[in-house]
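These notes are about the structure you will find just below.
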Amino acid sequence: MTSGTFDGSPPPDSGGGEPFLRPTEVRTATFRTVRSGYDPDQVRQVLNIAADALAGRMRFNPDHVRTAVFKVVPNGYDQKEVDDLLALLEYQLRNGIVPPTGLENGEKLLAVKLPRASNGYDRGEVDAFLARAAANLDGRGAMTANEVRNSRFSTTSGLLNRGYQVQAVDALLDDIEQELRFRGR
């Protein structure tokens with residue numbers, strides 16, 4: 001990647017109305033694959049680190065985003081799409097911008113509908129955890145961001161015992177963790 005033209009001003013809106021990305025959006029970003037593009041594994045590695053930095057889990061020097069270099073491989077990620085996302089990430093990290101999660105209270109958390117999957121997280125365990133997290137968002141509890149980050153759930157298998165889709169739960173946990181970090185917990 002080369003982003004030598006970065007001048008410190010905000011990158012243009014990504015087209016979705018909200019110009020800044022949440023950590024979950026960074027982790028799940030998709031790119032077109034092209035005949036010759038950036039190595040997907042290398043791009044994912046940098047995006048996961050940047051997402052952790054956006055969530056406040058770690059420090060990540062914005063210059064590392066600017067200087068990231070990816071091997072060009074057959075059927076890799078579109079270079080312009082990746083570079084555009086990285087420019088926005090660099091700006092956000094440099095300026096400490098982390099958009100709100102939308103989880104202002106427990107009611108909003110409990111309103112999230114998680115998709116089910118035959119191989120997923122145990123619904124009972126997830127529901128109990130989310131009830132505790134919702135109470136915490138409403139000021140009734142002492143859950144911390146680290147507790148959310150270190151939470152683990154049993155998995156289900158088979159058609160009779162469907163659980164919640166793992167990726168959807170993990171994305172929601174990212175948002176809960178981020179919200180708690182915003183609140184200093």
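Just so we're on the same page: first chain in the structure tokens is A, next is B, and so on; residues restart at 1 for each chain, and ligands are numbered from 1 in the order they show up.
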
Each residue of segment 62-118 of chain A lying at most 12 Å from segment 33-53 of chain A should get a row with its shortest atom-to-atom pair and the distance in Å to one decimal, counting only C-alpha atoms; could you produce that, ordered by chain and increasing number, as a tab-separated table?
```
residue	atom	partner	partner_atom	distance
A:Pro62	CA	A:Ala50	CA	8.8
A:Asp63	CA	A:Ala50	CA	11.4
A:His64	CA	A:Val46	CA	9.0
A:Val65	CA	A:Val46	CA	7.7
A:Arg66	CA	A:Val46	CA	11.0
A:Thr67	CA	A:Val46	CA	11.0
A:Ala68	CA	A:Val46	CA	7.8
A:Val69	CA	A:Gln42	CA	8.7
A:Phe70	CA	A:Tyr38	CA	5.6
A:Lys71	CA	A:Asp39	CA	5.5
A:Val72	CA	A:Tyr38	CA	4.6
A:Val73	CA	A:Ser36	CA	5.5
A:Pro74	CA	A:Ser36	CA	4.6
A:Asn75	CA	A:Arg35	CA	4.8
A:Gly76	CA	A:Gly37	CA	3.8
A:Tyr77	CA	A:Thr33	CA	4.6
A:Asp78	CA	A:Gly37	CA	5.3
A:Gln79	CA	A:Gly37	CA	5.8
A:Lys80	CA	A:Gly37	CA	9.3
A:Glu81	CA	A:Thr33	CA	10.0
A:Val82	CA	A:Val43	CA	7.9
A:Asp83	CA	A:Tyr38	CA	9.9
A:Leu85	CA	A:Leu47	CA	9.4
A:Leu86	CA	A:Leu47	CA	8.3
A:Ala87	CA	A:Ala50	CA	11.7
A:Leu88	CA	A:Ala50	CA	11.0
A:Leu89	CA	A:Ala50	CA	7.3
A:Glu90	CA	A:Ala50	CA	8.8
A:Tyr91	CA	A:Ala50	CA	11.6
A:Gln92	CA	A:Ala50	CA	10.0
A:Leu93	CA	A:Ala53	CA	7.5
A:Arg94	CA	A:Ala53	CA	10.8
A:Gly96	CA	A:Ala53	CA	9.7
A:Ile97	CA	A:Ala53	CA	10.7
A:Val98	CA	A:Ala53	CA	9.7
```

Counting only C-alpha atoms, which residues of segment 55-75 of chain A sit at most 12 Å from some atom of segment 140-146 of chain A, and what is each one's closest atom pair with its distance in Å to one decimal, listed by chain and rising residue number, as a Markdown table?
```
| residue | atom | partner | partner_atom | distance |
| --- | --- | --- | --- | --- |
| A:Ala55 | CA | A:Ala145 | CA | 9.9 |
| A:Gly56 | CA | A:Ala145 | CA | 9.7 |
| A:Arg57 | CA | A:Asn146 | CA | 8.8 |
| A:Met58 | CA | A:Asn146 | CA | 12.0 |
```

**Picked from segment 9-153 of chain A by DSSP as strand (DSSP E or B), as a ChimeraX atom specification** = /A:33-38,72-77,116-117,121

**Message:** DSSP on the backbone, helix (DSSP H, G or I) only: what residues of segment 92-166 of chain A does that give? Format it as a VMD selection string.
**Reply:** chain A and resid 92 to 95 106 to 110 123 to 137 145 to 149 166

Keeping only N, CA and C atoms, write the selected residues as a compact mmCIF listing (two decimals), in the first residue's frame.
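Listed below is the output, part20.txt:
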```txt
# COMPACT_ATOMS: atom_id res chain seq x y z
N GLN A 92 -8.87 7.63 11.46
CA GLN A 92 -9.58 7.38 12.72
C GLN A 92 -8.61 7.11 13.86
N LEU A 93 -7.61 6.28 13.62
CA LEU A 93 -6.65 5.96 14.66
C LEU A 93 -5.83 7.19 15.06
N ARG A 94 -5.43 7.96 14.07
CA ARG A 94 -4.61 9.14 14.33
C ARG A 94 -5.39 10.17 15.17
N ASN A 95 -6.69 10.24 14.96
CA ASN A 95 -7.52 11.25 15.64
C ASN A 95 -8.34 10.69 16.79
N GLY A 106 -29.80 -1.14 27.80
CA GLY A 106 -30.08 -2.57 27.74
C GLY A 106 -31.19 -2.94 26.77
N GLU A 107 -32.17 -2.07 26.64
CA GLU A 107 -33.28 -2.35 25.73
C GLU A 107 -32.78 -2.50 24.28
N LYS A 108 -31.86 -1.62 23.89
CA LYS A 108 -31.31 -1.70 22.52
C LYS A 108 -30.50 -2.98 22.34
N LEU A 109 -29.78 -3.38 23.37
CA LEU A 109 -29.01 -4.62 23.28
C LEU A 109 -29.94 -5.82 23.13
N LEU A 110 -30.96 -5.88 23.95
CA LEU A 110 -31.87 -7.03 23.91
C LEU A 110 -32.74 -7.04 22.66
N ARG A 123 -27.62 -21.06 22.90
CA ARG A 123 -28.53 -19.92 23.05
C ARG A 123 -28.77 -19.54 24.50
N GLY A 124 -28.92 -20.52 25.36
CA GLY A 124 -29.18 -20.24 26.77
C GLY A 124 -28.03 -19.48 27.42
N GLU A 125 -26.79 -19.90 27.12
CA GLU A 125 -25.62 -19.22 27.68
C GLU A 125 -25.51 -17.79 27.15
N VAL A 126 -25.73 -17.64 25.84
CA VAL A 126 -25.63 -16.31 25.24
C VAL A 126 -26.73 -15.41 25.78
N ASP A 127 -27.96 -15.91 25.85
CA ASP A 127 -29.07 -15.10 26.36
C ASP A 127 -28.82 -14.65 27.79
N ALA A 128 -28.30 -15.54 28.64
CA ALA A 128 -28.01 -15.18 30.03
C ALA A 128 -26.93 -14.10 30.09
N PHE A 129 -25.90 -14.24 29.26
CA PHE A 129 -24.83 -13.25 29.23
C PHE A 129 -25.36 -11.90 28.76
N LEU A 130 -26.19 -11.91 27.71
CA LEU A 130 -26.74 -10.67 27.18
C LEU A 130 -27.67 -10.00 28.18
N ALA A 131 -28.40 -10.78 28.97
CA ALA A 131 -29.26 -10.20 30.01
C ALA A 131 -28.40 -9.47 31.05
N ARG A 132 -27.27 -10.08 31.44
CA ARG A 132 -26.35 -9.42 32.38
C ARG A 132 -25.76 -8.16 31.76
N ALA A 133 -25.37 -8.25 30.50
CA ALA A 133 -24.78 -7.08 29.82
C ALA A 133 -25.81 -5.96 29.70
N ALA A 134 -27.07 -6.31 29.40
CA ALA A 134 -28.12 -5.30 29.28
C ALA A 134 -28.34 -4.60 30.62
N ALA A 135 -28.37 -5.37 31.70
CA ALA A 135 -28.53 -4.77 33.03
C ALA A 135 -27.36 -3.83 33.32
N ASN A 136 -26.17 -4.23 32.90
CA ASN A 136 -24.99 -3.40 33.11
C ASN A 136 -25.10 -2.10 32.33
N LEU A 137 -25.56 -2.16 31.09
CA LEU A 137 -25.72 -0.95 30.28
C LEU A 137 -26.74 0.00 30.92
N ALA A 145 -15.22 -4.41 30.19
CA ALA A 145 -14.91 -4.72 28.79
C ALA A 145 -14.05 -5.98 28.70
N ASN A 146 -13.13 -6.15 29.65
CA ASN A 146 -12.29 -7.36 29.63
C ASN A 146 -13.11 -8.61 29.87
N GLU A 147 -14.12 -8.53 30.71
CA GLU A 147 -15.00 -9.67 30.94
C GLU A 147 -15.72 -10.06 29.64
N VAL A 148 -16.16 -9.07 28.90
CA VAL A 148 -16.81 -9.35 27.62
C VAL A 148 -15.81 -9.99 26.67
N ARG A 149 -14.62 -9.41 26.59
CA ARG A 149 -13.59 -9.93 25.68
C ARG A 149 -13.23 -11.37 25.99
N VAL A 166 -22.10 -17.95 15.27
CA VAL A 166 -20.90 -17.53 15.98
C VAL A 166 -20.45 -16.12 15.57
```

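Compared by their closest atoms to Val169 of chain A, and using only C-alpha atoms, the residues A:Lys113, A:Arg183, A:Arg22, A:Arg32 rank with A:Lys113 nearest.
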
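Of the listed residues A:Asn61, A:Asn105, A:Ser154, A:Gln165, the one whose atoms come nearest to Ser118 of chain A is A:Gln165, with distances taken using only C-alpha atoms.
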
**Fill in**
Correct to one decimal, the distance atom CA of Arg27 of chain A-atom CA of Glu177 of chain A is 14.6 Å

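The space between atom CA of Pro99 of chain A and atom CA of Leu21 of chain A spans 7.0 Å.
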
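When only C-alpha atoms are used to compute distances to Ala171 of chain A, the closest of the residues A:Asp122, A:Pro100, A:Leu114, A:Phe20 turns out to be A:Leu114.
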
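Counting from atom CA of Pro23 of chain A, the distance to atom CA of Phe182 of chain A is 13.2 Å.
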